[in-house]
$ cat final.tsv   # TSV, C-alpha atoms
chain	number	residue	atom	x	y	z
A	1261	MET	CA	-2.37	21.02	6.35
A	1262	ARG	CA	-5.84	22.29	7.20
A	1263	VAL	CA	-9.01	20.73	5.83
A	1264	THR	CA	-12.37	22.46	5.53
A	1265	LYS	CA	-15.36	20.18	5.01
A	1266	LEU	CA	-17.86	21.85	2.71
A	1267	THR	CA	-21.37	20.63	1.88
A	1268	HIS	CA	-21.76	17.01	0.83
A	1269	SER	CA	-18.50	15.74	-0.70
A	1270	CYS	CA	-16.33	18.82	-1.19
A	1271	LEU	CA	-13.09	19.52	0.69
A	1272	ARG	CA	-10.82	22.58	0.71
A	1273	ILE	CA	-7.30	21.68	1.79
A	1274	THR	CA	-4.83	24.46	2.54
A	1275	SER	CA	-1.21	24.81	3.49
A	1276	GLY	CA	0.15	28.32	3.81
A	1277	ASP	CA	-1.25	30.27	0.87
A	1278	THR	CA	-2.02	27.29	-1.37
A	1279	VAL	CA	-5.51	25.86	-1.83
A	1280	LEU	CA	-6.45	22.41	-3.14
A	1281	VAL	CA	-10.16	21.65	-3.68
A	1282	VAL	CA	-11.60	18.15	-4.04
A	1283	ASP	CA	-14.97	17.50	-5.72
A	1284	PRO	CA	-16.64	20.91	-5.98
A	1285	GLY	CA	-20.05	19.70	-7.14
A	1286	LYS	CA	-23.51	21.15	-7.59
A	1287	PHE	CA	-24.22	20.83	-3.86
A	1288	SER	CA	-21.04	22.69	-2.87
A	1289	GLU	CA	-20.93	26.27	-1.68
A	1290	GLY	CA	-20.48	28.93	-4.36
A	1291	SER	CA	-17.23	29.93	-2.70
A	1292	ALA	CA	-15.77	26.41	-2.87
A	1293	LEU	CA	-13.40	27.30	-5.72
A	1294	THR	CA	-12.47	30.81	-4.57
A	1295	GLY	CA	-8.69	31.15	-4.57
A	1296	ALA	CA	-8.12	27.53	-5.58
A	1297	ASP	CA	-4.74	26.65	-7.07
A	1298	ALA	CA	-5.68	23.09	-8.06
A	1299	VAL	CA	-8.78	20.90	-8.17
A	1300	LEU	CA	-9.13	17.13	-7.91
A	1301	ILE	CA	-12.21	15.49	-9.42
A	1302	THR	CA	-12.97	11.93	-8.30
A	1303	HIS	CA	-15.63	11.25	-10.94
A	1304	GLU	CA	-18.22	12.76	-13.26
A	1305	HIS	CA	-21.41	12.81	-11.16
A	1306	PHE	CA	-22.94	16.26	-10.67
A	1307	ASP	CA	-22.65	16.17	-6.88
A	1308	HIS	CA	-18.87	15.94	-7.33
A	1309	LEU	CA	-18.33	18.02	-10.46
A	1310	ASP	CA	-20.00	21.31	-11.35
A	1311	VAL	CA	-18.71	21.92	-14.87
A	1312	ASP	CA	-20.00	25.51	-15.11
A	1313	ALA	CA	-18.52	26.52	-11.76
A	1314	LEU	CA	-15.18	24.97	-12.69
A	1315	ALA	CA	-15.16	26.74	-16.05
A	1316	ALA	CA	-15.84	30.06	-14.32
A	1317	ALA	CA	-13.01	29.42	-11.87
A	1318	VAL	CA	-10.56	28.67	-14.69
A	1319	ALA	CA	-11.68	31.79	-16.57
A	1320	ALA	CA	-11.03	33.86	-13.46
A	1321	LYS	CA	-7.68	32.18	-12.78
A	1322	PRO	CA	-6.16	30.69	-15.95
A	1323	ASP	CA	-3.30	29.00	-14.08
A	1324	LEU	CA	-5.76	26.88	-12.05
A	1325	ARG	CA	-4.95	23.19	-12.59
A	1326	VAL	CA	-7.57	20.42	-12.70
A	1327	TYR	CA	-6.86	16.70	-12.29
A	1328	ALA	CA	-9.32	13.95	-13.22
A	1329	HIS	CA	-9.58	10.47	-14.71
A	1330	ALA	CA	-9.32	10.41	-18.51
A	1331	ASP	CA	-12.98	9.35	-18.75
A	1332	VAL	CA	-14.03	12.68	-17.22
A	1333	LEU	CA	-12.08	14.83	-19.69
A	1334	PRO	CA	-14.82	14.98	-22.38
A	1335	LEU	CA	-17.01	16.84	-19.87
A	1336	LEU	CA	-14.19	19.35	-19.36
A	1337	SER	CA	-13.47	20.10	-23.01
A	1338	GLY	CA	-14.22	23.77	-22.42
A	1339	VAL	CA	-11.26	24.02	-20.04
A	1340	ALA	CA	-9.10	21.34	-21.68
A	1341	ASP	CA	-5.89	23.36	-21.38
A	1342	ALA	CA	-6.25	23.38	-17.59
A	1343	VAL	CA	-6.91	19.66	-17.20
A	1344	THR	CA	-4.47	16.80	-16.62
A	1345	ALA	CA	-5.56	13.17	-16.94
A	1346	VAL	CA	-4.76	10.95	-13.96
A	1347	ALA	CA	-4.58	7.15	-13.86
A	1348	PRO	CA	-4.98	4.81	-10.88
A	1349	GLY	CA	-1.69	4.43	-9.03
A	1350	GLN	CA	-0.28	7.67	-10.39
A	1351	GLU	CA	1.49	10.11	-8.06
A	1352	PHE	CA	1.64	13.81	-8.87
A	1353	GLU	CA	1.99	17.26	-7.33
A	1354	ALA	CA	-1.04	19.57	-6.99
A	1355	ALA	CA	-0.99	22.94	-5.23
A	1356	GLY	CA	2.18	21.89	-3.39
A	1357	PHE	CA	0.68	18.64	-2.10
A	1358	THR	CA	1.74	15.15	-3.09
A	1359	VAL	CA	-1.27	13.24	-4.39
A	1360	ARG	CA	-1.63	9.55	-5.21
A	1361	ALA	CA	-4.66	8.23	-7.10
A	1362	HIS	CA	-6.26	4.99	-5.94
A	1363	GLY	CA	-8.98	2.68	-7.20
A	1364	GLY	CA	-10.40	3.26	-10.65
A	1365	GLN	CA	-14.11	2.42	-10.49
A	1366	HIS	CA	-17.25	3.85	-8.91
A	1367	ALA	CA	-19.01	1.61	-6.40
A	1368	ILE	CA	-21.80	-0.54	-7.83
A	1369	ILE	CA	-25.17	1.23	-7.78
A	1370	HIS	CA	-27.08	-1.60	-9.45
A	1371	ALA	CA	-26.15	-4.41	-11.83
A	1372	ASP	CA	-28.20	-2.70	-14.57
A	1373	ILE	CA	-26.26	0.58	-14.26
A	1374	PRO	CA	-22.85	0.64	-15.99
A	1375	ARG	CA	-19.98	1.51	-13.67
A	1376	ILE	CA	-17.97	4.65	-14.34
A	1377	ALA	CA	-14.44	5.71	-13.46
A	1378	ASN	CA	-13.71	6.92	-9.93
A	1379	LEU	CA	-10.44	7.85	-8.29
A	1380	GLY	CA	-9.74	8.11	-4.58
A	1381	TYR	CA	-7.05	10.65	-3.70
A	1382	LEU	CA	-4.51	10.35	-0.90
A	1383	ILE	CA	-3.17	13.85	-0.23
A	1384	ALA	CA	0.06	14.40	1.71
A	1385	ASP	CA	2.06	17.41	2.84
A	1386	GLY	CA	5.04	15.63	4.43
A	1387	GLN	CA	3.47	15.72	7.89
A	1388	GLY	CA	0.13	14.01	7.42
A	1389	THR	CA	-2.27	12.46	4.91
A	1390	VAL	CA	-5.93	12.92	4.00
A	1391	TYR	CA	-7.89	10.40	1.94
A	1392	HIS	CA	-10.98	11.25	-0.14
A	1393	PRO	CA	-12.36	8.06	-1.73
A	1394	GLY	CA	-14.94	9.65	-4.01
A	1395	ASP	CA	-17.83	7.23	-4.52
A	1396	SER	CA	-15.97	4.09	-3.56
A	1397	PHE	CA	-14.66	2.08	-0.66
A	1398	THR	CA	-11.22	1.56	-2.20
A	1399	VAL	CA	-8.68	1.01	0.58
A	1400	PRO	CA	-5.31	2.64	-0.15
A	1401	ASP	CA	-2.22	0.52	0.31
A	1402	GLU	CA	-0.52	3.17	2.46
A	1403	PRO	CA	-1.18	4.77	5.87
A	1404	VAL	CA	-3.98	7.31	6.24
A	1405	ASP	CA	-4.08	9.88	9.03
A	1406	THR	CA	-7.45	11.45	8.22
A	1407	LEU	CA	-10.14	9.52	6.38
A	1408	PHE	CA	-13.32	10.97	4.92
A	1409	VAL	CA	-15.82	8.13	4.92
A	1410	PRO	CA	-19.05	8.17	2.85
A	1411	LEU	CA	-22.06	8.29	5.17
A	1412	ASN	CA	-25.03	7.88	2.81
A	1413	ALA	CA	-25.59	7.25	-0.90
A	1414	PRO	CA	-27.71	5.18	-3.31
A	1415	TRP	CA	-24.65	2.95	-3.86
A	1416	MET	CA	-23.87	2.02	-0.26
A	1417	LYS	CA	-25.09	0.66	3.05
A	1418	LEU	CA	-23.82	1.68	6.46
A	1419	SER	CA	-22.05	-1.60	7.19
A	1420	GLU	CA	-19.80	-0.91	4.19
A	1421	ALA	CA	-18.79	2.45	5.65
A	1422	ILE	CA	-17.99	0.83	8.99
A	1423	ASP	CA	-15.93	-1.92	7.36
A	1424	PHE	CA	-14.17	0.66	5.17
A	1425	ALA	CA	-13.05	2.67	8.20
A	1426	ARG	CA	-11.91	-0.52	9.93
A	1427	ALA	CA	-9.91	-1.59	6.87
A	1428	VAL	CA	-8.21	1.80	6.37
A	1429	LYS	CA	-7.38	2.16	10.09
A	1430	PRO	CA	-6.98	5.96	10.06
A	1431	ARG	CA	-6.03	8.03	13.09
A	1432	ARG	CA	-9.41	9.76	12.74
A	1433	ALA	CA	-12.38	9.78	10.37
A	1434	TYR	CA	-15.01	12.29	9.31
A	1435	ALA	CA	-18.27	11.92	7.39
A	1436	LEU	CA	-18.39	12.56	3.65
A	1437	HIS	CA	-21.25	12.37	1.14
A	1438	ASP	CA	-23.73	13.29	3.86
A	1439	LEU	CA	-26.22	15.79	2.40
A	1440	LEU	CA	-28.96	13.29	1.53
A	1441	LEU	CA	-29.56	12.24	5.14
A	1442	THR	CA	-32.02	13.96	7.46
A	1443	GLU	CA	-30.68	15.16	10.80
A	1444	LEU	CA	-32.30	12.19	12.54
A	1445	GLY	CA	-30.99	9.71	9.98
A	1446	ALA	CA	-27.49	11.13	10.28
A	1447	SER	CA	-27.57	10.83	14.05
A	1448	ILE	CA	-28.37	7.12	13.80
A	1449	SER	CA	-25.66	6.43	11.22
A	1450	ASN	CA	-23.14	8.54	13.12
A	1451	GLY	CA	-23.85	6.63	16.31
A	1452	HIS	CA	-23.01	3.34	14.63
A	1453	LEU	CA	-19.79	4.72	13.16
A	1454	GLU	CA	-18.77	6.23	16.49
A	1455	ARG	CA	-19.17	2.86	18.18
A	1456	LEU	CA	-17.99	0.49	15.47
A	1457	SER	CA	-15.51	2.19	13.13
A	1458	GLY	CA	-12.51	1.52	15.35
A	1459	THR	CA	-11.31	5.09	15.25
A	1460	GLU	CA	-12.21	8.61	16.38
A	1461	TYR	CA	-15.14	9.65	14.18
A	1462	ALA	CA	-17.38	12.71	13.73
A	1463	GLN	CA	-19.66	14.39	11.23
A	1464	LEU	CA	-18.51	17.96	10.63
A	1465	ALA	CA	-20.90	20.82	9.93
A	1466	PRO	CA	-20.24	22.43	6.53
A	1467	GLY	CA	-17.54	25.06	6.86
A	1468	THR	CA	-15.77	23.35	9.75
A	1469	THR	CA	-11.96	23.34	9.52
A	1470	VAL	CA	-9.71	20.76	11.15
A	1471	GLY	CA	-5.92	20.82	11.45
$ encode --input "final.tsv" --output "structure tokens"
Amino acid sequence: MRVTKLTHSCLRITSGDTVLVVDPGKFSEGSALTGADAVLITHEHFDHLDVDALAAAVAAKPDLRVYAHADVLPLLSGVADAVTAVAPGQEFEAAGFTVRAHGGQHAIIHADIPRIANLGYLIADGQGTVYHPGDSFTVPDEPVDTLFVPLNAPWMKLSEAIDFARAVKPRRAYALHDLLLTELGASISNGHLERLSGTEYAQLAPGTTVG
């Protein structure tokens, strides 16, 4: 399994010739969906789901499969035949990977803002696991080798990211949801995570691939 961190919250995960993409949103590179065999959507926010880009990808490759919470499906009515609804706790196969959905709700932004559905995805290839939590700090009840930990968002504070990494106890962790920080702000947050997360941690530049 090889993981390429794209801008903000998008991952491309490959094994051999298969490509699984997680959260190709409006901030993602235009090439995020090129060659994708399957797509996982954690939730409906535009920085995680670009409906037009996904529709174009399905039009170009009709056998592309998309997996999302049932609450997201109305936004994907234009590509309904390609979409499969996923529930928390469900395990399924996508692009040759074994995927288990965790959580169910987006983190609280404010008490006056209704919460929406959010799924974290634990992705396995038989040799290792990668966890993308979407916009949540849901801790999966199974081991995680590589964790992508949210670095900055209107719904979080840094101490939550640190405690999340400590609770998951991955072999290594990388930053996710990191576009909204300035370079200086990221360096401060990264320094705290490097010291306090309890694991090997780094922020990857967009386009960086790890094995």
$ atom_distance --input "final.tsv" --atom1 "atom CA of A:Gly1338" --atom2 "atom CA of A:Ala1292"
19.8 Å
$ closest_residue --input "final.tsv" --among "A:Arg1325, A:Arg1360, A:Gln1387, A:Pro1284" --to "A:Thr1344" --atoms "all atoms listed in the file"
A:Arg1325
$ atom_distance --input "final.tsv" --atom1 "atom CA of A:Arg1431" --atom2 "atom CA of A:Met1261"
15.1 Å
$ closest_residue --input "final.tsv" --among "A:Tyr1381, A:Ser1337, A:Ala1435, A:Glu1289" --to "A:Gly1451" --atoms "only C-alpha atoms"
A:Ala1435
$ atom_distance --input "final.tsv" --atom1 "atom CA of A:Thr1468" --atom2 "atom CA of A:Lys1265"
5.7 Å
$ closest_residue --input "final.tsv" --among "A:Arg1426, A:His1366, A:His1452, A:Arg1262" --to "A:Thr1389" --atoms "only C-alpha atoms"
A:Arg1262
$ residues_around --input "final.tsv" --residues "A:Thr1469" --least-positions-apart "5" --cutoff "10 Å" --atoms "only C-alpha atoms" --output "list in words"
Arg1262, Val1263, Thr1264, Lys1265, Leu1266, Leu1271, Arg1272, Ile1273 and Leu1464 of chain A
$ residues_around --input "final.tsv" --residues "A:Ser1419" --least-positions-apart "2" --cutoff "12 Å" --atoms "all atoms listed in the file" --output "ChimeraX atom specification"
/A:1397,1409-1412,1416-1417,1421-1426,1449-1450,1452-1453,1456-1457
$ residues_around --input "final.tsv" --residues "A:Val1404" --least-positions-apart "2" --cutoff "8 Å" --atoms "all atoms listed in the file" --output "ChimeraX atom specification"
/A:1382,1388-1391,1402,1406-1407,1428-1431
$ residues_around --input "final.tsv" --residues "A:Val1326" --least-positions-apart "4" --cutoff "7 Å" --atoms "all atoms listed in the file" --output "PyMOL selection string"
chain A and resi 1298-1300+1342-1344
